[in-house]
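Colleague: My questions all concern the structure below.
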Amino acid sequence: QDDEQKDKDDGPAAAAAAGGKKKSNKNSKSHKKTIFSNFRQYGLPLPEVLRLDASRYADHFRAVPELYDAIVADPPYGIRAGARCCGSRPQDAVRRVPDSLRANHVPRTKPYPVADVLADLLEIAARVLVVGGHLAYLLPATLDFNATEDAPRHPALDLIDSAMQPISSRYARYLIVMRKRRNWQPSDASQETRDLVVATADAKYVALREKVFEPKLQQQPQPPSVGR
């Protein structure tokens with residue numbers, strides 16, 4: 001029984017047929033908010049969902065260029081929780097997973113710095129967008145962020161617009177919109193290209209948690225010391 005039919009079967013008509021009112025249970029499955037709720041609300045087809053690791057995009061998809069007309073993203077930025085990607089930390093020993101355990105194996109993860117998240121996002125967009133396709137993503141940053149000067153760059157993408165949504169007196173969320181202007185080239189996958197992101201990321205939106213919360217903690221009055 002699919003979810004749409006189940007919603008109908010569990011609706012007011014079904015409750016009336018049973019001779020009573022349907023009880024509201026916020027914890028029931030029919031009331032649970034999921035990523036599909038908005039699609040149902042607006043009468044849109046339900047999307048297919050894949051859980052992938054952006055740092056290993058080439059491991060998930062074959063090299064098929066110009067696959068998408070648009071990419072919309074809300075990448076993690078490390079205020080509530082930092083991003084993680086597959087891999088081991090340098091101090092951890094890497095051990096081979098036995099074949100008998102591969103089916104249910106959960107790979108190790110390591111911290112995924114914001115600059116690397118954004119560098120991978122732009123690189124993926126440059127590879128798989130059609131020429132003229134758009135990348136739109138949210139980027140929280142401090143209030144002195146200027147998209148024209150501070151937004152991450154990629155040689156195949158042009159910044160075409162940005163908009164600010166204030167979040168607090170210390171930071172805001174910026175909508176960054178870019179357009180693919182030419183075909184991706186192998187030379188784009190270089191350290192120089194990643195440096196375009198890392199260099200611009202250092203000042204405005206890397207370590208945002210520390211920039212937002214540490215000054216506030218430093219301003220809080222300290223309890224008076226009690227002499228012995």
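Letters A, B, ... go to the chains of the structure tokens in the order shown; residues in each chain start at 1; ligands are counted from 1 in the same order.
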Could you pull out the residues in range 111-171 of chain A that DSSP calls helix (DSSP H, G or I) from the backbone, as a short mmCIF file (atom, residue, chain, number, x, y, z; two decimals) with all heavy atoms, in the first residue's frame?
Modeller:
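The resulting file, selection.cif, is reproduced below:
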data_model
loop_
_atom_site.label_atom_id
_atom_site.label_comp_id
_atom_site.auth_asym_id
_atom_site.auth_seq_id
_atom_site.Cartn_x
_atom_site.Cartn_y
_atom_site.Cartn_z
N VAL A 114 34.40 23.16 5.66
CA VAL A 114 33.47 23.93 4.85
C VAL A 114 34.07 24.29 3.50
O VAL A 114 33.40 24.21 2.46
CB VAL A 114 33.03 25.20 5.60
CG1 VAL A 114 32.19 26.11 4.70
CG2 VAL A 114 32.22 24.83 6.84
N ALA A 115 35.33 24.69 3.48
CA ALA A 115 35.96 25.07 2.21
C ALA A 115 35.98 23.90 1.25
O ALA A 115 35.76 24.07 0.04
CB ALA A 115 37.38 25.58 2.46
N ASP A 116 36.22 22.68 1.75
CA ASP A 116 36.22 21.50 0.88
C ASP A 116 34.81 21.16 0.42
O ASP A 116 34.61 20.72 -0.72
CB ASP A 116 36.84 20.31 1.61
CG ASP A 116 38.34 20.46 1.80
OD1 ASP A 116 38.97 21.12 0.95
OD2 ASP A 116 38.87 19.93 2.78
N VAL A 117 33.82 21.34 1.30
CA VAL A 117 32.42 21.13 0.91
C VAL A 117 32.07 22.01 -0.29
O VAL A 117 31.49 21.55 -1.29
CB VAL A 117 31.47 21.43 2.08
CG1 VAL A 117 30.01 21.41 1.62
CG2 VAL A 117 31.67 20.42 3.22
N LEU A 118 32.43 23.28 -0.20
CA LEU A 118 32.09 24.22 -1.27
C LEU A 118 32.91 23.96 -2.53
O LEU A 118 32.39 24.08 -3.65
CB LEU A 118 32.29 25.65 -0.77
CG LEU A 118 31.38 26.06 0.38
CD1 LEU A 118 31.78 27.42 0.93
CD2 LEU A 118 29.92 26.08 -0.07
N ALA A 119 34.18 23.62 -2.37
CA ALA A 119 35.00 23.32 -3.54
C ALA A 119 34.44 22.12 -4.30
O ALA A 119 34.37 22.13 -5.53
CB ALA A 119 36.44 23.06 -3.11
N ASP A 120 34.00 21.09 -3.57
CA ASP A 120 33.41 19.93 -4.22
C ASP A 120 32.07 20.27 -4.86
O ASP A 120 31.76 19.78 -5.95
CB ASP A 120 33.24 18.79 -3.22
CG ASP A 120 34.57 18.17 -2.80
OD1 ASP A 120 35.53 18.24 -3.60
OD2 ASP A 120 34.66 17.63 -1.68
N LEU A 121 31.27 21.09 -4.20
CA LEU A 121 29.97 21.49 -4.76
C LEU A 121 30.15 22.21 -6.09
O LEU A 121 29.48 21.89 -7.09
CB LEU A 121 29.22 22.39 -3.78
CG LEU A 121 27.91 23.01 -4.29
CD1 LEU A 121 26.89 21.92 -4.63
CD2 LEU A 121 27.34 23.97 -3.25
N LEU A 122 31.06 23.16 -6.15
CA LEU A 122 31.28 23.90 -7.39
C LEU A 122 31.88 23.01 -8.48
O LEU A 122 31.53 23.15 -9.66
CB LEU A 122 32.18 25.11 -7.13
CG LEU A 122 31.44 26.43 -6.81
CD1 LEU A 122 30.62 26.31 -5.54
CD2 LEU A 122 32.42 27.59 -6.70
N GLU A 123 32.76 22.10 -8.08
CA GLU A 123 33.37 21.20 -9.07
C GLU A 123 32.32 20.26 -9.66
O GLU A 123 32.29 20.03 -10.88
CB GLU A 123 34.50 20.41 -8.42
CG GLU A 123 35.16 19.38 -9.31
CD GLU A 123 35.91 19.98 -10.50
OE1 GLU A 123 36.13 21.21 -10.53
OE2 GLU A 123 36.26 19.21 -11.42
N ILE A 124 31.44 19.73 -8.81
CA ILE A 124 30.37 18.86 -9.31
C ILE A 124 29.46 19.63 -10.26
O ILE A 124 29.09 19.15 -11.34
CB ILE A 124 29.57 18.27 -8.13
CG1 ILE A 124 30.43 17.28 -7.35
CG2 ILE A 124 28.29 17.59 -8.63
CD1 ILE A 124 29.79 16.82 -6.05
N ALA A 125 29.07 20.86 -9.86
CA ALA A 125 28.20 21.67 -10.71
C ALA A 125 28.85 21.96 -12.06
O ALA A 125 28.20 21.90 -13.11
CB ALA A 125 27.85 22.98 -10.00
N ALA A 126 30.13 22.26 -12.04
CA ALA A 126 30.83 22.56 -13.29
C ALA A 126 30.89 21.34 -14.21
O ALA A 126 30.88 21.47 -15.43
CB ALA A 126 32.25 23.05 -12.99
N ARG A 127 30.93 20.16 -13.64
CA ARG A 127 31.00 18.95 -14.44
C ARG A 127 29.63 18.55 -15.01
O ARG A 127 29.54 18.17 -16.19
CB ARG A 127 31.54 17.78 -13.59
CG ARG A 127 33.03 17.83 -13.30
CD ARG A 127 33.41 16.71 -12.34
NE ARG A 127 34.83 16.71 -12.04
CZ ARG A 127 35.71 15.83 -12.55
NH1 ARG A 127 35.29 14.89 -13.39
NH2 ARG A 127 36.98 15.88 -12.23
N VAL A 128 28.57 18.61 -14.20
CA VAL A 128 27.32 17.94 -14.58
C VAL A 128 26.21 18.88 -15.04
O VAL A 128 25.21 18.41 -15.58
CB VAL A 128 26.81 17.05 -13.43
CG1 VAL A 128 27.86 16.03 -13.02
CG2 VAL A 128 26.40 17.89 -12.22
N ALA A 147 29.26 39.17 -1.75
CA ALA A 147 29.27 38.06 -2.70
C ALA A 147 30.20 38.32 -3.87
O ALA A 147 30.89 37.41 -4.34
CB ALA A 147 27.85 37.79 -3.20
N THR A 148 30.23 39.55 -4.35
CA THR A 148 31.07 39.87 -5.51
C THR A 148 32.54 39.59 -5.23
O THR A 148 33.28 39.13 -6.10
CB THR A 148 30.88 41.33 -5.92
OG1 THR A 148 29.49 41.57 -6.19
CG2 THR A 148 31.69 41.68 -7.14
N GLU A 149 32.97 39.86 -3.98
CA GLU A 149 34.37 39.68 -3.63
C GLU A 149 34.66 38.37 -2.92
O GLU A 149 35.76 37.81 -3.05
CB GLU A 149 34.83 40.84 -2.74
CG GLU A 149 34.71 42.22 -3.40
CD GLU A 149 35.09 43.34 -2.44
OE1 GLU A 149 35.40 43.02 -1.27
OE2 GLU A 149 35.08 44.50 -2.87
N ASP A 150 33.69 37.87 -2.13
CA ASP A 150 33.97 36.77 -1.21
C ASP A 150 33.38 35.43 -1.60
O ASP A 150 33.75 34.41 -1.02
CB ASP A 150 33.45 37.13 0.19
CG ASP A 150 34.08 38.41 0.72
OD1 ASP A 150 35.28 38.60 0.50
OD2 ASP A 150 33.36 39.21 1.35
#
Colleague: Which residues, written as a list in words, have at least one atom at most 12 Å from Ser190 in chain A, with only C-alpha atoms counted and residues fewer than 4 positions away on the same chain left out?
Modeller: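 That gives Ala119, Asp120, Glu123, His154, Pro155, Gln185, Pro186, Arg194, Asp195, Leu196 and Val197 of chain A.
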Colleague: Let me make sure I understand: among A:Val198, A:Ala189, A:Ala163, A:Ile71, which one has the smallest atom-to-atom distance to Val130 in chain A if we use only C-alpha atoms?
Modeller: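 Distance minimum relative to Val130 in chain A lands on A:Ile71.
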Colleague: I need the residue nearest Pro75 in chain A from this list: A:Phe145, A:Tyr137, A:Tyr171, A:Trp184. Use only C-alpha atoms for the distance.
Modeller: A:Tyr137
